[in-house]
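Undergrad: Before we start, here is the structure in question, set down as structure tokens.
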Amino acid sequence: MEGQEYLNQLAAATRPEKKSKISQILSSKLFIFGMVSLALLIIIIIIGAILGGNKGGEKNLGSALKLHIDNTTSIINSYQSTIKSSDLRSSSASLYSILKMTSQELTDYLTTAHKYKEKDVSKTIINQATEAKTALESELFEAKINGILDRVYAHKMTYEISVLMSEEAKLMKTTSNGTLDTLLTTSYNSLEVLYEKFSDFSETKN
């Protein structure tokens, strides 16, 4: 009897353990293939979301920049002739020229790359641009009435240039398109020069 028990114990010790159903499922080729496929699908979705987000970001940032530029050139056109300082008028004319060129090139790009139409721009972007323009026009009108237009104009255009440069820098970080990057870089560098001229303006020098 003792010999039989010993043999039974020995058989139990050497008998391979049965894998649980969960272990069998986890180790099956079908399960492994499914998990790999799922991981690849998730990666593709993430990459697609990133690329799609960049594209949407480029369109929205570009549209906002274009509206800001167009509103600024409109204001410059309205107050250009009433500026007393010849130096300030010259800087203002240069700013107008640069912004008009940038606007045209940006419009061409947005139209080609994103089928841009002003009527399709989100109301949020339009409202923000309109509010900023209205506020600037109000401050310049009041300055004109009070006889301090040159000083306020120089200060406000310095601020507008800094904001435009910030918007262009943000758009450059978003885009991967060489054409857009080139036109923005050209505009940014030109605005950087004019920023110094406007910020250094002093009525006592004129």
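Residues are referred to by chain and number: the chain letter is A, B, ... according to the order shown in the structure tokens, the number counts from 1 in that chain, and ligands are numbered separately from 1 in the order shown.
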So that I can see what lies close to Leu191 of chain A, please list as JSON, numbers by chain the residues with an atom at most 9 Å from it, counting only C-alpha atoms and leaving out residues fewer than 6 positions away in the same chain.
TA: {"A": [95, 98, 99, 161, 162, 164, 165]}
Undergrad: For Val152 of chain A, which residue out of A:Leu106, A:Ile83, A:Leu184, A:Ala113 is the nearest one, using only C-alpha atoms?
TA: A:Ile83
Undergrad: Find the residues near Phe141 of chain A: any atom within 12 Å, counting only C-alpha atoms, skip ones fewer than 3 places away on the same chain, and give them as a list in words.
TA: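 Here the qualifying residues turn out to be Ile75, Ser78, Tyr79, Thr82, Thr134, Ala135, Leu136, Glu137, Ser138, Lys144, Ile145, Asn146, Gly147, Ile148, Leu149, Asp150, Val152 and Tyr153 of chain A.
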Undergrad: Ranking A:Thr73, A:Ser91, A:Ser63, A:Ser81 by minimum distance to Glu118 of chain A and counting only C-alpha atoms, which one comes first?
TA: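 Among A:Thr73, A:Ser91, A:Ser63, A:Ser81, it is A:Ser63 that comes nearest to Glu118 of chain A.
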Undergrad: Please report the interatomic distance between atom CA of Val163 of chain A and atom CA of Leu65 of chain A in Å with one decimal.
TA: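 Here the two named atoms are 9.7 Å from each other.
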Undergrad: For a quick check of understanding, using only C-alpha atoms, which of A:Thr175, A:Thr112, A:Glu168, A:Arg151 has the smallest distance to Glu192 of chain A?
TA: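 Residue with the minimum atom-to-atom distance to Glu192 of chain A: A:Glu168.
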Undergrad: Could you tell me how far atom CA of Asn189 of chain A sits from atom CA of Ser202 of chain A, in Å to one decimal place?
TA: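 Atom CA of Ser202 of chain A sits 23.0 Å away from atom CA of Asn189 of chain A.
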